[in-house]
Amino acid sequence: MFFLNPNGLSSDDDALQFQELSKKLQMNQVDIIGISEHNLDTTKSYVYRKICAAIYQTTSNSVIKMFGSNILAPNIYKPGGTMIYTMGNVTSRKMETVSDKLGRWSYVKLVGKDHNITTIVVVYVPCKTTKTGTSTYHQQLTLFNKSSSTRIEPQKQYIKDLKHWLKQCKEKNEKLIIAGDFNSNFALGSYTSTLLSDPELDLTNLMYDISNTAFSTSKTGRDIIDHILVLGEIIPAVTRKGYTPFDSILYTDHRGMFVDFNNLLLFGNITAHLVSNPSRDI
């Protein structure tokens, strides 16, 4: 699995940037990709179709989902958004690929042995800003103001709603992997710290031992703000994890993150081999 905040992706030139990204990751045997802050207006169906066509050039088996707020942008650029897609055989495990109702995070549910579910969530928690405009923060503020008579702080509400939804997943005995740009270092007392301190969730920061080293995951900051959180029961299935060097996958201001799992330990069975679409019998 690979996760990255590219600080925007382009759908120009037949979404060539998506095709090149997928080729690079496929060469590194990545089969699940999570993107925070794609900065595209996914309410425009032609944008989504163009991106799907580009990714399908690199893999015959893929499930692709992009989400953002339902606020219309004047052009294809719209700050924020998340995306998750699969490539190759792991696509056979896909049960559901959805977003929360405000488009703040996206997720895919994968089926393992005895119908056990592993839910992988891609997040982008917006930066707080005092400027007016169409930033992710202000999009969420606008949506909240429409439905509430009191002012709601988008960052705190994001974490509150995410925790509530994750608890619902855990009550169904789903395994949880939550990754992306949290715009927080999870310091004690921060708005994100309750994700790790809540005993009902019992989440662990998989990157904690790496995050304690002296480097940042953003060129513009000094902190580790990109994280992968998991339930403790998943940790024995991890075979490799880490951050990539800046600009090694795409030219952007964030490091990428990767985590590899032993499929048998994570899912309880071997992933089925999918025949490529052109070769399938009707």
# chains A, B, ... in the order shown; residues from 1 in each chain; ligands from 1
call {"tool": "residues_around", "arguments": {"residues": "Asn39 in chain A", "least_positions_apart": "3", "cutoff": "12 Å", "atoms": "only C-alpha atoms", "output": "JSON, numbers by chain"}}
result
{"A": [5, 6, 7, 8, 9, 10, 11, 35, 36, 42, 43, 47, 66, 67, 68, 69, 73, 75, 76, 77, 78, 79, 80, 81, 82, 83, 124, 134, 135, 136]}
call {"tool": "select_by_dssp", "arguments": {"residues": "range 60-151 of chain A", "states": "alpha helix (DSSP H)", "output": "number ranges by chain"}}
result
A: 136-147
call {"tool": "residues_around", "arguments": {"residues": "Lys172 in chain A", "least_positions_apart": "6", "cutoff": "12 Å", "atoms": "only C-alpha atoms", "output": "ChimeraX atom specification"}}
result
/A:115-119,165-166
call {"tool": "residues_around", "arguments": {"residues": "Ile84 in chain A", "least_positions_apart": "4", "cutoff": "9 Å", "atoms": "only C-alpha atoms", "output": "ChimeraX atom specification"}}
result
/A:32-36,63-67,97,106-108,120-122
call {"tool": "atom_distance", "arguments": {"atom1": "CA of Lys50 in chain A", "atom2": "CA of Ser62 in chain A"}}
result
14.5 Å
call {"tool": "select_by_dssp", "arguments": {"residues": "range 89-221 of chain A", "states": "strand (DSSP E)", "output": "PyMOL selection string"}}
result
chain A and resi 94-99+105-111+117-124+175-181+203-205
call {"tool": "atom_distance", "arguments": {"atom1": "CA of Arg222 in chain A", "atom2": "CA of Asn183 in chain A"}}
result
11.4 Å
call {"tool": "closest_residue", "arguments": {"among": "A:Ile71, A:Ile225, A:Val98, A:Leu195", "to": "Arg255 in chain A", "atoms": "only C-alpha atoms"}}
result
A:Ile225
call {"tool": "residues_around", "arguments": {"residues": "Asp223 in chain A", "least_positions_apart": "2", "cutoff": "10 Å", "atoms": "only C-alpha atoms", "output": "PyMOL selection string"}}
result
chain A and resi 183-186+211-212+214-221+225-226
call {"tool": "closest_residue", "arguments": {"among": "A:Ala179, A:Ile270, A:Val238, A:Met27", "to": "Gly256 in chain A", "atoms": "only C-alpha atoms"}}
result
A:Ala179
call {"tool": "closest_residue", "arguments": {"among": "A:Ile51, A:Ile159, A:Leu203, A:Gly268", "to": "Ser190 in chain A", "atoms": "only C-alpha atoms"}}
result
A:Ile159
call {"tool": "closest_residue", "arguments": {"among": "A:Phe18, A:Phe2, A:Tyr48, A:Tyr56", "to": "Phe261 in chain A", "atoms": "only C-alpha atoms"}}
result
A:Phe2
call {"tool": "closest_residue", "arguments": {"among": "A:Ser22, A:Lys175, A:Asp181, A:Lys170", "to": "Asp253 in chain A", "atoms": "only C-alpha atoms"}}
result
A:Asp181
call {"tool": "closest_residue", "arguments": {"among": "A:Asn70, A:Asp31, A:Tyr251, A:Thr204", "to": "Glu233 in chain A", "atoms": "only C-alpha atoms"}}
result
A:Thr204
call {"tool": "residues_around", "arguments": {"residues": "Thr239 in chain A", "least_positions_apart": "4", "cutoff": "9 Å", "atoms": "only C-alpha atoms", "output": "MDAnalysis selection string"}}
result
chainID A and resid 235 259:262
